file query_4.cif (mmCIF, C-alpha atoms; chains and numbers go by the auth columns)
data_run
loop_
_atom_site.group_PDB
_atom_site.id
_atom_site.type_symbol
_atom_site.label_atom_id
_atom_site.label_comp_id
_atom_site.label_asym_id
_atom_site.label_seq_id
_atom_site.Cartn_x
_atom_site.Cartn_y
_atom_site.Cartn_z
_atom_site.B_iso_or_equiv
_atom_site.auth_seq_id
_atom_site.auth_asym_id
ATOM 1 C CA MET A 1 -41.956 163.230 -32.979 0.00 215 A
ATOM 2 C CA ARG A 2 -42.436 164.524 -29.465 0.00 216 A
ATOM 3 C CA ALA A 3 -44.144 162.510 -26.770 0.00 217 A
ATOM 4 C CA LEU A 4 -47.430 163.954 -25.556 0.00 218 A
ATOM 5 C CA VAL A 5 -46.635 163.101 -21.944 0.00 219 A
ATOM 6 C CA PRO A 6 -43.195 163.846 -20.527 0.00 220 A
ATOM 7 C CA PRO A 7 -41.358 160.626 -19.598 0.00 221 A
ATOM 8 C CA ASN A 8 -41.091 161.463 -15.890 0.00 222 A
ATOM 9 C CA HIS A 9 -44.871 161.790 -15.321 0.00 223 A
ATOM 10 C CA SER A 10 -47.012 158.790 -14.535 0.00 224 A
ATOM 11 C CA VAL A 11 -50.239 158.357 -16.463 0.00 225 A
ATOM 12 C CA THR A 12 -53.240 156.551 -15.100 0.00 226 A
ATOM 13 C CA MET A 13 -55.924 155.378 -17.447 0.00 227 A
ATOM 14 C CA ARG A 14 -59.440 154.588 -16.502 0.00 228 A
ATOM 15 C CA THR A 15 -60.978 151.644 -18.231 0.00 229 A
ATOM 16 C CA ARG A 16 -64.502 150.369 -18.272 0.00 230 A
ATOM 17 C CA PRO A 17 -65.156 146.726 -17.475 0.00 231 A
ATOM 18 C CA LEU A 18 -65.742 144.438 -20.438 0.00 232 A
ATOM 19 C CA ALA A 19 -69.214 143.526 -19.203 0.00 233 A
ATOM 20 C CA SER A 20 -70.530 146.865 -20.389 0.00 234 A
ATOM 21 C CA SER A 21 -69.327 146.388 -23.940 0.00 235 A
ATOM 22 C CA SER A 22 -72.078 146.363 -26.529 0.00 236 A
ATOM 23 C CA LEU A 23 -70.802 143.097 -28.033 0.00 237 A
ATOM 24 C CA GLU A 24 -71.256 141.175 -24.797 0.00 238 A
ATOM 25 C CA SER A 25 -74.691 142.603 -24.019 0.00 239 A
ATOM 26 C CA THR A 26 -75.898 141.632 -27.496 0.00 240 A
ATOM 27 C CA SER A 27 -74.620 138.063 -27.326 0.00 241 A
ATOM 28 C CA SER A 28 -76.177 137.373 -23.940 0.00 242 A
ATOM 29 C CA SER A 29 -79.561 138.856 -24.788 0.00 243 A
ATOM 30 C CA PRO A 30 -82.168 137.088 -22.678 0.00 244 A
ATOM 31 C CA ARG A 31 -84.616 137.093 -25.582 0.00 245 A
ATOM 32 C CA LEU A 32 -82.261 135.320 -27.996 0.00 246 A
ATOM 33 C CA PRO A 33 -82.981 131.753 -26.772 0.00 247 A
ATOM 34 C CA MET A 34 -86.702 132.442 -26.970 0.00 248 A
ATOM 35 C CA ARG A 35 -86.465 133.870 -30.481 0.00 249 A
ATOM 36 C CA MET A 36 -84.362 130.888 -31.545 0.00 250 A
ATOM 37 C CA ALA A 37 -86.876 128.449 -30.012 0.00 251 A
ATOM 38 C CA LEU A 38 -89.790 130.126 -31.778 0.00 252 A
ATOM 39 C CA TRP A 39 -87.899 130.055 -35.057 0.00 253 A
ATOM 40 C CA LEU A 40 -87.202 126.333 -34.622 0.00 254 A
ATOM 41 C CA LEU A 41 -90.824 125.543 -33.805 0.00 255 A
ATOM 42 C CA ASP A 42 -92.135 127.633 -36.702 0.00 256 A
ATOM 43 C CA SER A 43 -89.770 126.010 -39.199 0.00 257 A
ATOM 44 C CA GLN A 44 -91.844 123.589 -41.275 0.00 258 A
ATOM 45 C CA ARG A 45 -89.089 121.037 -41.655 0.00 259 A
ATOM 46 C CA LEU A 46 -87.322 121.344 -38.298 0.00 260 A
ATOM 47 C CA GLY A 47 -90.321 122.098 -36.100 0.00 261 A
ATOM 48 C CA GLN A 48 -91.841 118.658 -36.597 0.00 262 A
ATOM 49 C CA THR A 49 -89.018 116.573 -35.122 0.00 263 A
ATOM 50 C CA LYS A 50 -89.056 115.465 -31.487 0.00 264 A
ATOM 51 C CA SER A 51 -85.436 116.411 -30.861 0.00 265 A
ATOM 52 C CA VAL A 52 -85.960 119.970 -32.118 0.00 266 A
ATOM 53 C CA LYS A 53 -89.121 120.305 -30.019 0.00 267 A
ATOM 54 C CA ARG A 54 -87.157 119.131 -26.988 0.00 268 A
ATOM 55 C CA ILE A 55 -84.405 121.704 -27.635 0.00 269 A
ATOM 56 C CA ALA A 56 -86.955 124.464 -28.201 0.00 270 A
ATOM 57 C CA GLY A 57 -88.721 123.489 -24.988 0.00 271 A
ATOM 58 C CA ARG A 58 -85.498 123.830 -23.037 0.00 272 A
ATOM 59 C CA MET A 59 -84.897 127.248 -24.589 0.00 273 A
ATOM 60 C CA LEU A 60 -88.422 128.415 -23.693 0.00 274 A
ATOM 61 C CA LYS A 61 -88.291 127.197 -20.094 0.00 275 A
ATOM 62 C CA GLN A 62 -86.419 130.129 -18.536 0.00 276 A
ATOM 63 C CA PRO A 63 -88.395 132.899 -20.285 0.00 277 A
ATOM 64 C CA ALA A 64 -91.626 131.094 -19.336 0.00 278 A
ATOM 65 C CA LEU A 65 -90.537 130.932 -15.699 0.00 279 A
ATOM 66 C CA GLU A 66 -89.740 134.658 -15.847 0.00 280 A
ATOM 67 C CA GLY A 67 -93.308 135.366 -16.963 0.00 281 A
ATOM 68 C CA VAL A 68 -92.817 136.009 -20.683 0.00 282 A
ATOM 69 C CA VAL A 69 -96.345 135.372 -21.953 0.00 283 A
ATOM 70 C CA GLU A 70 -95.392 134.204 -25.445 0.00 284 A
ATOM 71 C CA ALA A 71 -92.925 131.688 -23.987 0.00 285 A
ATOM 72 C CA GLN A 72 -95.578 130.440 -21.557 0.00 286 A
ATOM 73 C CA SER A 73 -98.043 130.008 -24.384 0.00 287 A
ATOM 74 C CA ARG A 74 -95.701 128.159 -26.740 0.00 288 A
ATOM 75 C CA LEU A 75 -94.156 125.964 -24.055 0.00 289 A
ATOM 76 C CA GLY A 76 -97.605 125.185 -22.677 0.00 290 A
ATOM 77 C CA ARG A 77 -98.840 124.073 -26.107 0.00 291 A
ATOM 78 C CA LEU A 78 -95.693 122.040 -26.632 0.00 292 A
ATOM 79 C CA LEU A 79 -96.039 120.257 -23.297 0.00 293 A
ATOM 80 C CA CYS A 80 -99.771 119.591 -23.723 0.00 294 A
ATOM 81 C CA HIS A 81 -99.444 118.115 -27.207 0.00 295 A
ATOM 82 C CA ASP A 82 -96.031 116.519 -27.487 0.00 296 A
ATOM 83 C CA CYS A 83 -95.249 115.057 -24.065 0.00 297 A
ATOM 84 C CA ASP A 84 -96.089 111.593 -22.851 0.00 298 A
ATOM 85 C CA SER A 85 -95.716 112.447 -19.189 0.00 299 A
ATOM 86 C CA GLN A 86 -98.844 113.373 -17.222 0.00 300 A
ATOM 87 C CA ARG A 87 -96.707 115.728 -15.126 0.00 301 A
ATOM 88 C CA ASP A 88 -95.484 117.614 -18.205 0.00 302 A
ATOM 89 C CA ARG A 89 -99.041 117.922 -19.536 0.00 303 A
ATOM 90 C CA ARG A 90 -100.171 119.313 -16.166 0.00 304 A
ATOM 91 C CA ILE A 91 -97.337 121.885 -16.263 0.00 305 A
ATOM 92 C CA GLY A 92 -98.248 122.759 -19.854 0.00 306 A
ATOM 93 C CA PHE A 93 -101.886 123.220 -18.875 0.00 307 A
ATOM 94 C CA GLU A 94 -100.875 125.605 -16.081 0.00 308 A
ATOM 95 C CA LEU A 95 -98.572 127.571 -18.418 0.00 309 A
ATOM 96 C CA LEU A 96 -101.427 127.915 -20.906 0.00 310 A
ATOM 97 C CA ARG A 97 -103.718 129.117 -18.114 0.00 311 A
ATOM 98 C CA GLN A 98 -101.188 131.782 -17.097 0.00 312 A
ATOM 99 C CA ALA A 99 -100.730 132.962 -20.686 0.00 313 A
ATOM 100 C CA ALA A 100 -104.493 132.986 -21.280 0.00 314 A
ATOM 101 C CA ARG A 101 -105.053 135.096 -18.160 0.00 315 A
ATOM 102 C CA ALA A 102 -102.435 137.518 -19.478 0.00 316 A
ATOM 103 C CA GLY A 103 -104.466 137.891 -22.697 0.00 317 A
ATOM 104 C CA ASP A 104 -102.645 135.614 -25.155 0.00 318 A
ATOM 105 C CA ARG A 105 -105.235 134.786 -27.827 0.00 319 A
ATOM 106 C CA GLN A 106 -103.609 131.529 -28.924 0.00 320 A
ATOM 107 C CA ALA A 107 -103.386 130.311 -25.312 0.00 321 A
ATOM 108 C CA GLN A 108 -107.048 131.211 -24.768 0.00 322 A
ATOM 109 C CA LEU A 109 -108.041 129.227 -27.859 0.00 323 A
ATOM 110 C CA GLU A 110 -105.892 126.267 -26.864 0.00 324 A
ATOM 111 C CA LEU A 111 -107.216 126.265 -23.299 0.00 325 A
ATOM 112 C CA GLY A 112 -110.789 126.430 -24.580 0.00 326 A
ATOM 113 C CA GLN A 113 -110.118 123.448 -26.842 0.00 327 A
ATOM 114 C CA LEU A 114 -108.526 121.493 -23.993 0.00 328 A
ATOM 115 C CA TYR A 115 -111.549 122.113 -21.760 0.00 329 A
ATOM 116 C CA CYS A 116 -113.706 120.616 -24.529 0.00 330 A
ATOM 117 C CA GLN A 117 -111.763 117.345 -24.470 0.00 331 A
ATOM 118 C CA VAL A 118 -113.014 114.380 -22.480 0.00 332 A
ATOM 119 C CA GLN A 119 -110.219 114.361 -19.866 0.00 333 A
ATOM 120 C CA HIS A 120 -110.761 118.068 -19.001 0.00 334 A
ATOM 121 C CA ARG A 121 -114.479 118.300 -19.814 0.00 335 A
ATOM 122 C CA GLU A 122 -115.577 121.620 -18.314 0.00 336 A
ATOM 123 C CA LEU A 123 -117.745 123.312 -20.892 0.00 337 A
ATOM 124 C CA SER A 124 -118.299 126.492 -18.867 0.00 338 A
ATOM 125 C CA LYS A 125 -114.531 127.091 -18.735 0.00 339 A
ATOM 126 C CA ALA A 126 -114.213 126.113 -22.398 0.00 340 A
ATOM 127 C CA ARG A 127 -116.877 128.646 -23.325 0.00 341 A
ATOM 128 C CA HIS A 128 -115.182 131.344 -21.194 0.00 342 A
ATOM 129 C CA TRP A 129 -111.768 130.947 -22.844 0.00 343 A
ATOM 130 C CA LEU A 130 -113.191 130.547 -26.342 0.00 344 A
ATOM 131 C CA GLU A 131 -115.244 133.729 -25.887 0.00 345 A
ATOM 132 C CA GLN A 132 -112.081 135.537 -24.750 0.00 346 A
ATOM 133 C CA ALA A 133 -110.202 134.340 -27.849 0.00 347 A
ATOM 134 C CA ALA A 134 -113.139 135.177 -30.152 0.00 348 A
ATOM 135 C CA ALA A 135 -113.290 138.688 -28.687 0.00 349 A
ATOM 136 C CA GLN A 136 -109.690 139.112 -29.804 0.00 350 A
ATOM 137 C CA GLY A 137 -110.550 138.049 -33.360 0.00 351 A
ATOM 138 C CA SER A 138 -110.014 134.285 -33.366 0.00 352 A
ATOM 139 C CA THR A 139 -112.260 132.838 -36.077 0.00 353 A
ATOM 140 C CA GLU A 140 -111.387 129.313 -34.923 0.00 354 A
ATOM 141 C CA ALA A 141 -112.710 130.116 -31.435 0.00 355 A
ATOM 142 C CA SER A 142 -115.900 131.536 -32.934 0.00 356 A
ATOM 143 C CA ARG A 143 -116.387 128.385 -34.982 0.00 357 A
ATOM 144 C CA ILE A 144 -115.918 126.117 -31.929 0.00 358 A
ATOM 145 C CA LEU A 145 -118.318 128.256 -29.867 0.00 359 A
ATOM 146 C CA LEU A 146 -121.051 127.544 -32.414 0.00 360 A
ATOM 147 C CA LEU A 147 -120.521 123.799 -31.873 0.00 361 A
ATOM 148 C CA LEU A 148 -120.800 123.956 -28.068 0.00 362 A
ATOM 149 C CA PRO A 149 -124.147 123.191 -26.472 0.00 363 A
ATOM 150 C CA ALA A 150 -126.142 126.251 -25.440 0.00 364 A
ATOM 151 C CA LYS A 151 -125.760 127.663 -21.923 0.00 365 A
ATOM 152 C CA ARG A 152 -128.257 126.374 -19.370 0.00 366 A
#
call {"tool": "encode", "arguments": {"input": "query_4.cif", "output": "structure tokens"}}
result
Amino acid sequence: MRALVPPNHSVTMRTRPLASSSLESTSSSPRLPMRMALWLLDSQRLGQTKSVKRIAGRMLKQPALEGVVEAQSRLGRLLCHDCDSQRDRRIGFELLRQAARAGDRQAQLELGQLYCQVQHRELSKARHWLEQAAAQGSTEASRILLLLPAKR
């Protein structure tokens, strides 16, 4: 068999860096931790344990900070309901507010419910967020709106 390149000629090859390989870009997908966290939280058996909620919260933190609305909504709900720290609940409340402003129906419903509670009692804000959620088709928000006192 003959060589394709004569032995006295030098051959230079151009290579692409490994960072552009499709395998690496798939494994470091920024959405993967968020998808994994949502899967953990939605799992009936796993999603109820404190340690899994803590892991999912850590996985949702970065996407929430980057402005991913679904991550803000889920992390906000997690912090408001499952944390003992007042600071964490305050952060969760703010994350829910951001997600609700961005149009997340579940965050709007949750924020409306929180404003109905004694520690956040602001019925005008509760009504606002519940109306927003109801306008997007939330039957739960519509039901709660019927229970609120009439506007003055």
call {"tool": "closest_residue", "arguments": {"input": "query_4.cif", "among": "A:Arg259, A:Arg288, A:Lys275, A:Lys365", "to": "Asp318 in chain A", "atoms": "all atoms listed in the file"}}
result
A:Arg288
call {"tool": "atom_distance", "arguments": {"input": "query_4.cif", "atom1": "CA of Ala251 in chain A", "atom2": "CA of Ala321 in chain A"}}
result
17.3 Å
call {"tool": "closest_residue", "arguments": {"input": "query_4.cif", "among": "A:Cys294, A:Arg301, A:Leu323, A:Arg341", "to": "Ala355 in chain A", "atoms": "all atoms listed in the file"}}
result
A:Leu323
call {"tool": "resolve_selection", "arguments": {"input": "query_4.cif", "expression": "the PyMOL selection byres ((chain A and resi 303) around 12)", "output": "list in words"}}
result
Leu289, Gly290, Arg291, Leu292, Leu293, Cys294, His295, Asp296, Cys297, Asp298, Ser299, Gln300, Arg301, Asp302, Arg304, Ile305, Gly306, Phe307, Glu308, Leu309, Leu310, Leu328, Gln333 and His334 of chain A
call {"tool": "atom_distance", "arguments": {"input": "query_4.cif", "atom1": "CA of Glu345 in chain A", "atom2": "CA of Ala285 in chain A"}}
result
22.5 Å
call {"tool": "residues_around", "arguments": {"input": "query_4.cif", "residues": "Ile358 in chain A", "least_positions_apart": "6", "cutoff": "12 Å", "atoms": "only C-alpha atoms", "output": "ChimeraX atom specification"}}
result
/A:323-324,326-330,337,340-345,347-348,352
call {"tool": "atom_distance", "arguments": {"input": "query_4.cif", "atom1": "CA of Gln322 in chain A", "atom2": "CA of Ser287 in chain A"}}
result
9.1 Å
call {"tool": "axis_aligned_box", "arguments": {"input": "query_4.cif", "around": "range 243-260 of chain A", "padding_each_side": "6 Å", "output": "AutoDock Vina command-line options"}}
result
--center_x -85.8 --center_y 129.9 --center_z -32.2 --size_x 24.6 --size_y 29.8 --size_z 31.0
call {"tool": "residues_around", "arguments": {"input": "query_4.cif", "residues": "range 260-273 of chain A", "least_positions_apart": "3", "cutoff": "8 Å", "atoms": "only C-alpha atoms", "output": "PyMOL selection string"}}
result
chain A and resi 247-248+250-252+254-257+276-277+289+292
call {"tool": "closest_residue", "arguments": {"input": "query_4.cif", "among": "A:Val282, A:Leu246, A:Leu274, A:Leu362", "to": "Arg335 in chain A", "atoms": "all atoms listed in the file"}}
result
A:Leu362
call {"tool": "closest_residue", "arguments": {"input": "query_4.cif", "among": "A:Gln350, A:Gln320, A:Gln258, A:Gln331", "to": "Val283 in chain A", "atoms": "only C-alpha atoms"}}
result
A:Gln320
call {"tool": "closest_residue", "arguments": {"input": "query_4.cif", "among": "A:Leu279, A:Val332, A:Arg319, A:Ala314", "to": "Gly351 in chain A", "atoms": "only C-alpha atoms"}}
result
A:Arg319
